[in-house]
$ cat structure-v9.cif   # mmCIF, C-alpha atoms
data_model
#
loop_
_atom_site.label_atom_id
_atom_site.label_comp_id
_atom_site.auth_asym_id
_atom_site.auth_seq_id
_atom_site.Cartn_x
_atom_site.Cartn_y
_atom_site.Cartn_z
CA MET A 66 19.50 65.76 -5.06
CA PRO A 67 19.06 69.15 -6.72
CA THR A 68 17.58 68.68 -10.19
CA LEU A 69 17.00 71.24 -12.89
CA LYS A 70 14.14 70.64 -15.31
CA LEU A 71 13.65 72.07 -18.73
CA ARG A 72 11.71 71.56 -21.92
CA THR A 73 13.52 71.89 -25.22
CA THR A 74 11.78 73.11 -28.35
CA GLN A 75 14.12 72.19 -31.21
CA ARG A 76 15.67 68.98 -32.50
CA SER A 77 19.14 70.41 -31.81
CA GLU A 78 19.40 73.16 -29.24
CA MET A 79 21.63 74.45 -26.46
CA VAL A 80 20.33 75.95 -23.21
CA ASP A 81 22.52 78.11 -20.97
CA LEU A 82 22.45 76.67 -17.43
CA THR A 83 25.07 78.96 -15.91
CA GLU A 84 22.78 81.16 -13.83
CA GLN A 85 20.78 78.24 -12.46
CA VAL A 86 23.92 76.37 -11.47
CA GLN A 87 25.39 79.44 -9.80
CA ARG A 88 22.13 79.94 -7.89
CA LYS A 89 22.29 76.37 -6.54
CA VAL A 90 25.90 76.88 -5.50
CA SER A 91 24.91 80.07 -3.67
CA GLU A 92 21.93 78.39 -1.99
CA ALA A 93 24.16 75.55 -0.83
CA GLY A 94 26.44 78.15 0.77
CA ILE A 95 29.57 76.61 -0.67
CA SER A 96 32.60 78.84 -0.57
CA ARG A 97 35.25 76.56 -1.97
CA GLY A 98 34.65 73.26 -3.78
CA GLN A 99 33.34 71.94 -7.03
CA ALA A 100 30.06 71.53 -8.90
CA VAL A 101 29.22 68.49 -11.02
CA VAL A 102 26.48 68.98 -13.63
CA TYR A 103 25.21 65.61 -14.87
CA VAL A 104 22.79 64.82 -17.71
CA PRO A 105 20.92 61.51 -17.25
CA HIS A 106 19.92 61.21 -20.91
CA THR A 107 21.54 59.34 -23.82
CA THR A 108 20.65 61.78 -26.60
CA ALA A 109 21.71 64.94 -24.79
CA GLY A 110 24.87 66.20 -23.12
CA VAL A 111 26.48 69.10 -21.34
CA THR A 112 29.47 71.22 -22.33
CA ILE A 113 31.25 74.45 -21.50
CA ASN A 114 31.64 76.99 -24.28
CA GLU A 115 31.15 80.63 -25.20
CA CYS A 116 28.13 82.36 -23.69
CA ALA A 117 28.58 85.82 -25.23
CA ASP A 118 27.88 85.30 -28.95
CA PRO A 119 24.94 83.00 -29.84
CA ASP A 120 26.56 82.41 -33.23
CA VAL A 121 29.04 80.09 -31.56
CA VAL A 122 26.23 77.75 -30.52
CA HIS A 123 24.76 77.94 -34.02
CA ASP A 124 28.09 77.05 -35.63
CA PHE A 125 28.75 74.25 -33.13
CA LEU A 126 25.42 72.52 -33.73
CA LYS A 127 25.71 72.88 -37.50
CA GLN A 128 29.24 71.49 -37.54
CA LEU A 129 28.15 68.52 -35.39
CA ASP A 130 25.41 67.85 -37.96
CA VAL A 131 28.04 67.79 -40.71
CA MET A 132 30.32 65.44 -38.77
CA VAL A 133 27.51 63.16 -37.59
CA PRO A 134 24.80 62.90 -40.27
CA TRP A 135 21.25 62.03 -39.25
CA GLU A 136 21.17 59.31 -41.91
CA GLN A 137 23.90 56.74 -42.56
CA PRO A 138 23.46 53.51 -44.55
CA PHE A 139 24.95 51.49 -41.66
CA TYR A 140 22.78 52.85 -38.82
CA ARG A 141 20.74 50.00 -37.28
CA HIS A 142 19.16 51.66 -34.21
CA ALA A 143 15.47 51.68 -35.05
CA GLU A 144 14.58 54.94 -33.35
CA GLY A 145 16.33 57.01 -36.03
CA ASN A 146 18.35 59.03 -33.54
CA SER A 147 21.73 57.31 -33.73
CA ALA A 148 23.33 60.65 -34.57
CA ALA A 149 22.07 62.08 -31.28
CA HIS A 150 23.63 59.18 -29.35
CA VAL A 151 26.96 59.75 -31.08
CA LYS A 152 26.91 63.47 -30.32
CA ALA A 153 26.04 62.76 -26.67
CA SER A 154 29.23 60.71 -26.25
CA MET A 155 31.32 63.25 -28.15
CA VAL A 156 30.20 66.07 -25.85
CA GLY A 157 29.92 64.07 -22.63
CA SER A 158 27.39 63.55 -19.84
CA SER A 159 28.90 65.79 -17.18
CA VAL A 160 31.06 68.81 -16.54
CA THR A 161 32.99 69.71 -13.41
CA VAL A 162 33.44 73.36 -12.46
CA LEU A 163 35.57 74.62 -9.57
CA ILE A 164 34.09 76.96 -6.94
CA HIS A 165 36.09 79.70 -5.23
CA ASN A 166 34.71 82.38 -2.89
CA GLY A 167 31.23 81.06 -3.62
CA LEU A 168 31.54 81.60 -7.37
CA LEU A 169 31.81 79.15 -10.24
CA GLN A 170 35.34 79.58 -11.61
CA LEU A 171 34.31 79.90 -15.23
CA GLY A 172 36.47 81.80 -17.67
CA ARG A 173 35.30 85.22 -18.83
CA TRP A 174 33.50 83.86 -21.91
CA GLN A 175 32.49 80.46 -20.56
CA GLY A 176 28.96 79.27 -19.87
CA ILE A 177 27.55 75.83 -18.97
CA TRP A 178 25.39 74.56 -21.82
CA PHE A 179 22.82 71.78 -21.86
CA CYS A 180 22.98 70.19 -25.32
CA GLU A 181 19.75 68.81 -26.76
CA PHE A 182 20.46 66.50 -29.68
CA ASP A 183 17.05 64.83 -30.13
CA GLY A 184 14.37 67.28 -29.07
CA PRO A 185 11.95 68.59 -28.41
CA ARG A 186 11.76 66.75 -25.06
CA ARG A 187 11.41 67.27 -21.33
CA ARG A 188 14.85 66.93 -19.76
CA GLU A 189 16.42 66.77 -16.31
CA ILE A 190 19.87 67.78 -15.11
CA TYR A 191 21.36 66.56 -11.84
CA LEU A 192 23.51 68.94 -9.86
CA ARG A 193 25.83 68.07 -6.99
CA THR A 194 28.10 70.48 -5.17
CA TRP A 195 31.05 69.56 -2.98
CA SER A 196 32.47 71.78 -0.30
CA GLU A 197 36.14 71.62 0.45
CA ASN A 198 35.52 73.37 3.74
CA SER A 199 33.39 70.62 5.13
CA LYS A 200 36.29 68.25 4.66
CA LYS A 201 38.41 70.33 6.97
CA ARG A 202 36.06 70.28 9.92
CA MET B 50 43.64 78.62 -6.36
CA PRO B 51 46.75 77.18 -8.01
CA THR B 52 46.98 78.42 -11.58
CA LEU B 53 49.42 77.43 -14.30
CA LYS B 54 50.23 80.01 -16.95
CA LEU B 55 51.63 79.45 -20.39
CA ARG B 56 52.05 81.14 -23.72
CA THR B 57 51.33 79.16 -26.85
CA THR B 58 53.18 79.83 -30.10
CA GLN B 59 51.11 78.03 -32.77
CA ARG B 60 47.53 78.21 -33.98
CA SER B 61 47.06 74.53 -32.98
CA GLU B 62 49.39 73.13 -30.38
CA MET B 63 49.48 70.78 -27.40
CA VAL B 64 51.53 71.41 -24.24
CA ASP B 65 52.37 68.61 -21.81
CA LEU B 66 51.26 69.67 -18.30
CA THR B 67 52.00 66.38 -16.54
CA GLU B 68 55.11 67.42 -14.64
CA GLN B 69 53.61 70.70 -13.48
CA VAL B 70 50.44 69.01 -12.25
CA GLN B 71 52.43 66.33 -10.43
CA ARG B 72 54.54 69.05 -8.78
CA LYS B 73 51.41 70.80 -7.47
CA VAL B 74 50.08 67.49 -6.13
CA SER B 75 53.40 66.91 -4.35
CA GLU B 76 53.48 70.46 -2.94
CA ALA B 77 49.94 70.03 -1.63
CA GLY B 78 51.11 66.89 0.18
CA ILE B 79 48.18 64.84 -1.01
CA SER B 80 48.60 61.11 -0.64
CA ARG B 81 45.25 59.86 -1.85
CA GLY B 82 42.64 61.88 -3.75
CA GLN B 83 42.06 63.42 -7.10
CA ALA B 84 43.28 66.31 -9.24
CA VAL B 85 41.01 68.39 -11.46
CA VAL B 86 42.71 70.31 -14.28
CA TYR B 87 40.39 72.99 -15.67
CA VAL B 88 40.83 75.26 -18.70
CA PRO B 89 38.89 78.56 -18.44
CA HIS B 90 39.02 79.29 -22.18
CA THR B 91 36.51 78.60 -24.96
CA THR B 92 38.99 77.95 -27.79
CA ALA B 93 41.26 75.58 -25.86
CA GLY B 94 40.82 72.37 -23.91
CA VAL B 95 42.59 69.66 -21.96
CA THR B 96 42.91 65.95 -22.67
CA ILE B 97 44.84 62.85 -21.66
CA ASN B 98 46.77 61.04 -24.37
CA GLU B 99 50.13 59.57 -25.27
CA CYS B 100 53.19 61.44 -24.00
CA ALA B 101 55.92 59.20 -25.47
CA ASP B 102 55.69 59.79 -29.22
CA PRO B 103 55.12 63.40 -30.38
CA ASP B 104 53.73 62.03 -33.65
CA VAL B 105 50.52 61.17 -31.79
CA VAL B 106 49.93 64.85 -31.03
CA HIS B 107 50.71 65.76 -34.64
CA ASP B 108 48.24 63.20 -35.98
CA PHE B 109 45.57 64.22 -33.46
CA LEU B 110 45.70 67.91 -34.36
CA LYS B 111 45.75 67.19 -38.09
CA GLN B 112 42.79 64.83 -37.85
CA LEU B 113 40.83 67.42 -35.83
CA ASP B 114 41.53 69.93 -38.63
CA VAL B 115 40.08 67.47 -41.16
CA MET B 116 36.98 66.84 -39.06
CA VAL B 117 36.42 70.48 -38.14
CA PRO B 118 37.47 72.75 -41.03
CA TRP B 119 38.52 76.32 -40.33
CA GLU B 120 36.11 77.53 -43.01
CA GLN B 121 32.51 76.41 -43.48
CA PRO B 122 29.87 78.25 -45.52
CA PHE B 123 27.47 78.20 -42.55
CA TYR B 124 29.81 79.62 -39.89
CA ARG B 125 28.41 82.90 -38.54
CA HIS B 126 30.72 83.70 -35.61
CA ALA B 127 32.54 86.80 -36.75
CA GLU B 128 35.87 86.07 -35.07
CA GLY B 129 36.70 83.34 -37.59
CA ASN B 130 37.52 80.77 -34.92
CA SER B 131 34.35 78.68 -34.85
CA ALA B 132 36.43 75.58 -35.51
CA ALA B 133 38.40 76.21 -32.32
CA HIS B 134 35.16 76.45 -30.30
CA VAL B 135 33.94 73.15 -31.76
CA LYS B 136 37.22 71.41 -30.95
CA ALA B 137 37.14 72.79 -27.39
CA SER B 138 33.79 71.10 -26.73
CA MET B 139 34.89 67.87 -28.42
CA VAL B 140 37.96 67.61 -26.20
CA GLY B 141 36.47 69.10 -23.03
CA SER B 142 37.36 71.76 -20.47
CA SER B 143 38.63 69.54 -17.67
CA VAL B 144 40.20 66.22 -16.81
CA THR B 145 40.11 64.34 -13.53
CA VAL B 146 43.08 62.20 -12.50
CA LEU B 147 43.19 59.97 -9.43
CA ILE B 148 46.03 60.28 -6.89
CA HIS B 149 47.47 57.31 -4.99
CA ASN B 150 50.55 57.35 -2.74
CA GLY B 151 51.11 60.96 -3.77
CA LEU B 152 51.32 60.13 -7.48
CA LEU B 153 48.97 60.89 -10.34
CA GLN B 154 47.55 57.54 -11.42
CA LEU B 155 48.22 57.99 -15.10
CA GLY B 156 48.73 54.98 -17.34
CA ARG B 157 52.25 54.20 -18.53
CA TRP B 158 51.87 56.18 -21.78
CA GLN B 159 49.46 58.86 -20.55
CA GLY B 160 50.21 62.54 -20.16
CA ILE B 161 47.96 65.55 -19.44
CA TRP B 162 47.85 67.84 -22.46
CA PHE B 163 46.72 71.43 -22.74
CA CYS B 164 45.15 71.81 -26.20
CA GLU B 165 45.53 75.19 -27.92
CA PHE B 166 43.07 75.51 -30.80
CA ASP B 167 43.31 79.26 -31.54
CA GLY B 168 46.80 80.44 -30.67
CA PRO B 169 49.15 81.93 -30.21
CA ARG B 170 47.77 83.26 -26.91
CA ARG B 171 48.51 83.60 -23.21
CA ARG B 172 46.54 80.91 -21.37
CA GLU B 173 45.74 79.88 -17.81
CA ILE B 174 44.92 76.50 -16.32
CA TYR B 175 43.22 76.08 -12.95
CA LEU B 176 44.27 73.19 -10.77
CA ARG B 177 42.43 71.85 -7.73
CA THR B 178 43.47 68.81 -5.71
CA TRP B 179 41.26 66.91 -3.28
CA SER B 180 42.54 64.77 -0.48
CA GLU B 181 40.58 61.74 0.55
CA ASN B 182 42.46 61.63 3.84
CA SER B 183 41.24 64.99 4.99
CA LYS B 184 37.68 63.72 4.72
CA LYS B 185 38.43 61.04 7.25
CA ARG B 186 39.63 63.33 10.01
CA MET C 157 42.74 51.24 -5.50
CA PRO C 158 39.89 49.15 -6.91
CA THR C 159 40.74 48.06 -10.44
CA LEU C 160 38.58 46.24 -12.96
CA LYS C 161 40.34 44.06 -15.50
CA LEU C 162 39.05 42.86 -18.82
CA ARG C 163 40.22 41.41 -22.10
CA THR C 164 38.76 42.77 -25.30
CA THR C 165 38.33 40.61 -28.37
CA GLN C 166 37.72 43.06 -31.23
CA ARG C 167 39.62 45.98 -32.71
CA SER C 168 36.69 48.29 -31.80
CA GLU C 169 34.39 47.18 -29.03
CA MET C 170 32.41 48.50 -26.10
CA VAL C 171 32.02 46.67 -22.78
CA ASP C 172 29.25 47.52 -20.31
CA LEU C 173 30.82 48.21 -16.89
CA THR C 174 27.66 49.35 -15.12
CA GLU C 175 27.07 46.28 -12.95
CA GLN C 176 30.69 46.03 -11.87
CA VAL C 177 30.85 49.71 -10.95
CA GLN C 178 27.58 49.47 -8.98
CA ARG C 179 28.95 46.43 -7.14
CA LYS C 180 32.07 48.36 -6.08
CA VAL C 181 29.91 51.24 -4.89
CA SER C 182 27.79 48.82 -2.85
CA GLU C 183 30.87 47.09 -1.40
CA ALA C 184 32.31 50.46 -0.39
CA GLY C 185 29.06 51.16 1.47
CA ILE C 186 28.70 54.61 0.01
CA SER C 187 25.27 56.13 0.39
CA ARG C 188 25.82 59.56 -1.12
CA GLY C 189 28.79 60.67 -3.18
CA GLN C 190 30.33 60.13 -6.57
CA ALA C 191 32.16 57.48 -8.56
CA VAL C 192 35.03 58.24 -10.94
CA VAL C 193 35.76 55.58 -13.58
CA TYR C 194 39.20 56.14 -15.13
CA VAL C 195 40.85 54.40 -18.09
CA PRO C 196 44.68 54.46 -17.93
CA HIS C 197 45.15 53.69 -21.65
CA THR C 198 45.72 55.99 -24.63
CA THR C 199 43.82 53.96 -27.24
CA ALA C 200 40.71 53.33 -25.16
CA GLY C 201 38.19 55.46 -23.30
CA VAL C 202 35.01 55.43 -21.25
CA THR C 203 31.63 56.95 -21.98
CA ILE C 204 28.02 56.90 -20.85
CA ASN C 205 25.42 55.92 -23.41
CA GLU C 206 22.43 53.67 -24.06
CA CYS C 207 22.56 50.21 -22.53
CA ALA C 208 19.23 48.86 -23.79
CA ASP C 209 19.72 48.46 -27.53
CA PRO C 210 23.10 47.07 -28.70
CA ASP C 211 22.52 48.71 -32.07
CA VAL C 212 23.42 52.05 -30.51
CA VAL C 213 26.93 50.79 -29.74
CA HIS C 214 27.23 49.39 -33.26
CA ASP C 215 26.20 52.68 -34.83
CA PHE C 216 28.48 54.68 -32.53
CA LEU C 217 31.60 52.65 -33.36
CA LYS C 218 30.83 52.69 -37.10
CA GLN C 219 30.26 56.43 -37.13
CA LEU C 220 33.55 57.00 -35.24
CA ASP C 221 35.28 54.92 -37.95
CA VAL C 222 33.80 57.19 -40.62
CA MET C 223 34.85 60.37 -38.79
CA VAL C 224 38.31 59.10 -37.88
CA PRO C 225 39.67 56.84 -40.65
CA TRP C 226 42.27 54.20 -39.81
CA GLU C 227 44.44 55.46 -42.67
CA GLN C 228 45.26 59.10 -43.43
CA PRO C 229 48.10 60.30 -45.67
CA PHE C 230 49.32 62.63 -42.90
CA TYR C 231 49.48 60.11 -40.04
CA ARG C 232 53.07 59.79 -38.78
CA HIS C 233 52.68 57.64 -35.65
CA ALA C 234 54.44 54.41 -36.60
CA GLU C 235 52.18 52.04 -34.68
CA GLY C 236 49.34 52.47 -37.14
CA ASN C 237 46.78 53.26 -34.44
CA SER C 238 46.56 57.05 -34.66
CA ALA C 239 42.81 56.75 -35.19
CA ALA C 240 42.48 54.99 -31.83
CA HIS C 241 44.36 57.81 -30.09
CA VAL C 242 42.07 60.40 -31.67
CA LYS C 243 38.95 58.49 -30.62
CA ALA C 244 40.29 58.15 -27.07
CA SER C 245 40.51 61.94 -26.70
CA MET C 246 37.12 62.47 -28.33
CA VAL C 247 35.42 60.12 -25.87
CA GLY C 248 37.56 60.91 -22.83
CA SER C 249 39.50 59.01 -20.16
CA SER C 250 37.03 59.23 -17.29
CA VAL C 251 33.39 59.60 -16.36
CA THR C 252 31.91 60.87 -13.12
CA VAL C 253 28.61 59.45 -11.86
CA LEU C 254 26.70 60.70 -8.83
CA ILE C 255 25.64 58.28 -6.06
CA HIS C 256 22.41 58.67 -4.09
CA ASN C 257 20.97 56.17 -1.59
CA GLY C 258 23.77 53.79 -2.53
CA LEU C 259 22.86 53.74 -6.21
CA LEU C 260 24.60 55.18 -9.26
CA GLN C 261 22.37 57.99 -10.48
CA LEU C 262 22.31 56.90 -14.09
CA GLY C 263 19.39 57.78 -16.31
CA ARG C 264 16.93 55.07 -17.23
CA TRP C 265 18.74 54.14 -20.46
CA GLN C 266 22.29 54.97 -19.42
CA GLY C 267 25.13 52.53 -18.92
CA ILE C 268 28.86 53.03 -18.34
CA TRP C 269 30.81 51.75 -21.34
CA PHE C 270 34.47 50.92 -21.67
CA CYS C 271 35.50 51.80 -25.24
CA GLU C 272 38.19 49.68 -26.88
CA PHE C 273 39.59 51.42 -29.95
CA ASP C 274 42.70 49.29 -30.63
CA GLY C 275 42.01 45.76 -29.45
CA PRO C 276 42.14 43.01 -28.77
CA ARG C 277 44.09 43.80 -25.59
CA ARG C 278 44.11 43.29 -21.84
CA ARG C 279 42.83 46.46 -20.19
CA GLU C 280 42.46 47.93 -16.72
CA ILE C 281 39.97 50.43 -15.35
CA TYR C 282 40.55 52.38 -12.14
CA LEU C 283 37.59 53.10 -9.92
CA ARG C 284 37.42 55.58 -7.06
CA THR C 285 34.36 56.34 -4.98
CA TRP C 286 33.87 59.40 -2.79
CA SER C 287 31.46 59.56 0.09
CA GLU C 288 29.82 62.82 0.94
CA ASN C 289 28.87 61.45 4.34
CA SER C 290 32.42 60.90 5.46
CA LYS C 291 33.04 64.61 4.92
CA LYS C 292 30.37 65.42 7.44
CA ARG C 293 31.78 63.38 10.31
#

$ encode --input "structure-v9.cif" --output "structure tokens"
Amino acid sequence: MPTLKLRTTQRSEMVDLTEQVQRKVSEAGISRGQAVVYVPHTTAGVTINECADPDVVHDFLKQLDVMVPWEQPFYRHAEGNSAAHVKASMVGSSVTVLIHNGLLQLGRWQGIWFCEFDGPRRREIYLRTWSENSKKR
Amino acid sequence: MPTLKLRTTQRSEMVDLTEQVQRKVSEAGISRGQAVVYVPHTTAGVTINECADPDVVHDFLKQLDVMVPWEQPFYRHAEGNSAAHVKASMVGSSVTVLIHNGLLQLGRWQGIWFCEFDGPRRREIYLRTWSENSKKR
Amino acid sequence: MPTLKLRTTQRSEMVDLTEQVQRKVSEAGISRGQAVVYVPHTTAGVTINECADPDVVHDFLKQLDVMVPWEQPFYRHAEGNSAAHVKASMVGSSVTVLIHNGLLQLGRWQGIWFCEFDGPRRREIYLRTWSENSKKR
């Protein structure tokens, strides 16, 4: 199964995966189908959001920190990263993107973002593509 | 690729897509499979929630406004819609619904809702249906 | 369509579905493909998060309660469970998990969790598996 690997450098950080995902779709030779990008970690996630202005990522991570504080009197999880687990479930573990004419059907401003919520760490991302054509054989 | 188009009229607003999605599933003649509803925008999303009582949508949008304020001292994105970007990633860019006997397998109270977080705007929604039958040919 | 049934016992509660989903994948004899786990309720959801330490679930549910209070002066929905509807859309109605060599490709610490936000209730979960192999016949 195609796997992307990366190493994050910050506690909270987003990494643009769009080009790597598109490359895998092209390599797989899929004209029409879908791509599933899956994060097998519990303190990280994946989302689709603006890829043009890096300030959007900045504002997103800051606002998540406000909504989900790193410290809460009721947190019990001993590793001290409960906030990262909460954020992971808010953002989600996978995204699905449609493929048409061999291209990810992202909107003009959309990119696929790996979301690190408890870095720095080494991370993996699973990628699976599905061809609609093969179903029609 | 089948595309739904709509024009929103409010800054925050939800539009029930259920009937239109079911119509596309019926037109495609799919008996058993899945539908993916994808929003190619970064300040809008799609979710599944109650379709019977419009007060649920009201309460949802209001509570999102409380959680994600339109103004924050740390927002940098110059367009003034950082909150809409945050909400888009909280809600997500796509939903997957199963199809059985030609019908979307929604729960009794579930509808598919387009979520406008930075309207009014013209918006598009991509729709892709997958037939399980065709795989078995 | 394969359906899991369960009865929740708390107002907010998470139930680990991982074993049951893996069993259905094994019964279906799928070597390579994906599983979609779908919750047809509007005050419940499904997410992927840590399955090793139950404190993570505790902290997650508590933090959701802080973010989305049960009472708000602006809530209109007469059933008194607006918070549960909000949480359902934050967490989402479905998860997709990849299958490889007959096994769900979950990360080491990941489990599939049904999220009850307005229990206790009887609940259903729809499960659909897709085989990549069958497409290649």

$ closest_atom_pairs --input "structure-v9.cif" --of "chain A" --to "chain C" --cutoff "9 Å" --atoms "all atoms listed in the file" --output "Markdown table"
| residue | atom | partner | partner_atom | distance |
| --- | --- | --- | --- | --- |
| A:Met66 | CA | C:His256 | CA | 7.7 |
| A:Val101 | CA | C:Thr252 | CA | 8.3 |
| A:Tyr103 | CA | C:Val253 | CA | 7.7 |
| A:Val104 | CA | C:Gly263 | CA | 7.9 |
| A:Pro105 | CA | C:Gly263 | CA | 4.1 |
| A:His106 | CA | C:Gly263 | CA | 5.8 |
| A:Thr107 | CA | C:Asn205 | CA | 5.2 |
| A:Thr108 | CA | C:Asn205 | CA | 8.2 |
| A:Met132 | CA | C:Met223 | CA | 6.8 |
| A:Val133 | CA | C:Gln219 | CA | 7.3 |
| A:Gln137 | CA | C:Gln219 | CA | 8.4 |
| A:Phe139 | CA | C:Asp215 | CA | 7.0 |
| A:Tyr140 | CA | C:Asp215 | CA | 5.3 |
| A:Arg141 | CA | C:Asp211 | CA | 5.7 |
| A:His142 | CA | C:Asp211 | CA | 5.0 |
| A:Ala143 | CA | C:Asp211 | CA | 8.2 |
| A:Ser147 | CA | C:Val212 | CA | 6.4 |
| A:Ala148 | CA | C:Phe216 | CA | 8.1 |
| A:His150 | CA | C:Asn205 | CA | 7.0 |
| A:Val151 | CA | C:Phe216 | CA | 5.5 |
| A:Ala153 | CA | C:Asn205 | CA | 7.6 |
| A:Ser154 | CA | C:Thr203 | CA | 6.2 |
| A:Met155 | CA | C:Val247 | CA | 5.6 |
| A:Val156 | CA | C:Val247 | CA | 7.9 |
| A:Gly157 | CA | C:Thr203 | CA | 7.4 |
| A:Ser158 | CA | C:Ile204 | CA | 6.8 |
| A:Ser159 | CA | C:Thr252 | CA | 7.1 |
| A:Val160 | CA | C:Thr252 | CA | 8.7 |
| A:Thr161 | CA | C:Thr252 | CA | 8.9 |
| A:Tyr191 | CA | C:Leu254 | CA | 8.5 |
| A:Leu192 | CA | C:Leu254 | CA | 8.9 |
| A:Arg193 | CA | C:Leu254 | CA | 7.6 |
| A:Trp195 | CA | C:Glu288 | CA | 7.9 |
| A:Ser196 | CA | C:Lys291 | CA | 8.9 |
| A:Glu197 | CA | C:Lys291 | CA | 8.9 |
| A:Ser199 | CA | C:Lys291 | CA | 6.0 |
| A:Lys200 | CA | C:Lys291 | CA | 4.9 |
| A:Lys201 | CA | C:Lys291 | CA | 8.1 |
| A:Arg202 | CA | C:Lys292 | CA | 7.9 |

$ resolve_selection --input "structure-v9.cif" --expression "the PyMOL selection byres ((chain B and resi 63) around 6)" --output "PyMOL selection string"
chain B and resi 62+64+162-165

$ closest_residue --input "structure-v9.cif" --among "C:Glu280, C:Asp221, C:Asp274, C:Asp172" --to "Gly236 in chain C" --atoms "all atoms listed in the file"
C:Asp274

$ resolve_selection --input "structure-v9.cif" --expression "the PyMOL selection byres ((chain B and resi 54) around 9)" --output "PDB file with C-alpha atoms, keeping the file's coordinate frame"
ATOM      1  CA  THR B  52      46.980  78.420 -11.580  1.00  0.00           C
ATOM      2  CA  LEU B  53      49.420  77.430 -14.300  1.00  0.00           C
ATOM      3  CA  LEU B  55      51.630  79.450 -20.390  1.00  0.00           C
ATOM      4  CA  ARG B  56      52.050  81.140 -23.720  1.00  0.00           C
ATOM      5  CA  ARG B 171      48.510  83.600 -23.210  1.00  0.00           C
ATOM      6  CA  ARG B 172      46.540  80.910 -21.370  1.00  0.00           C
ATOM      7  CA  GLU B 173      45.740  79.880 -17.810  1.00  0.00           C
ATOM      8  CA  ILE B 174      44.920  76.500 -16.320  1.00  0.00           C
ATOM      9  CA  TYR B 175      43.220  76.080 -12.950  1.00  0.00           C
TER      10      TYR B 175
END

$ atom_distance --input "structure-v9.cif" --atom1 "CA of Ala200 in chain C" --atom2 "CA of Phe273 in chain C"
5.3 Å

$ residues_around --input "structure-v9.cif" --residues "Gln71 in chain B" --least-positions-apart "5" --cutoff "10 Å" --atoms "all atoms listed in the file" --output "PDB file with C-alpha atoms, keeping the file's coordinate frame"
ATOM      1  CA  LEU B  66      51.260  69.670 -18.300  1.00  0.00           C
ATOM      2  CA  GLU B  76      53.480  70.460  -2.940  1.00  0.00           C
ATOM      3  CA  ALA B  77      49.940  70.030  -1.630  1.00  0.00           C
ATOM      4  CA  ALA B  84      43.280  66.310  -9.240  1.00  0.00           C
ATOM      5  CA  ILE B 148      46.030  60.280  -6.890  1.00  0.00           C
ATOM      6  CA  GLY B 151      51.110  60.960  -3.770  1.00  0.00           C
ATOM      7  CA  LEU B 152      51.320  60.130  -7.480  1.00  0.00           C
ATOM      8  CA  LEU B 153      48.970  60.890 -10.340  1.00  0.00           C
TER       9      LEU B 153
END

$ atom_distance --input "structure-v9.cif" --atom1 "CA of Thr174 in chain C" --atom2 "CA of Ile268 in chain C"
5.0 Å

$ atom_distance --input "structure-v9.cif" --atom1 "CA of Arg277 in chain C" --atom2 "CA of Thr165 in chain C"
7.1 Å
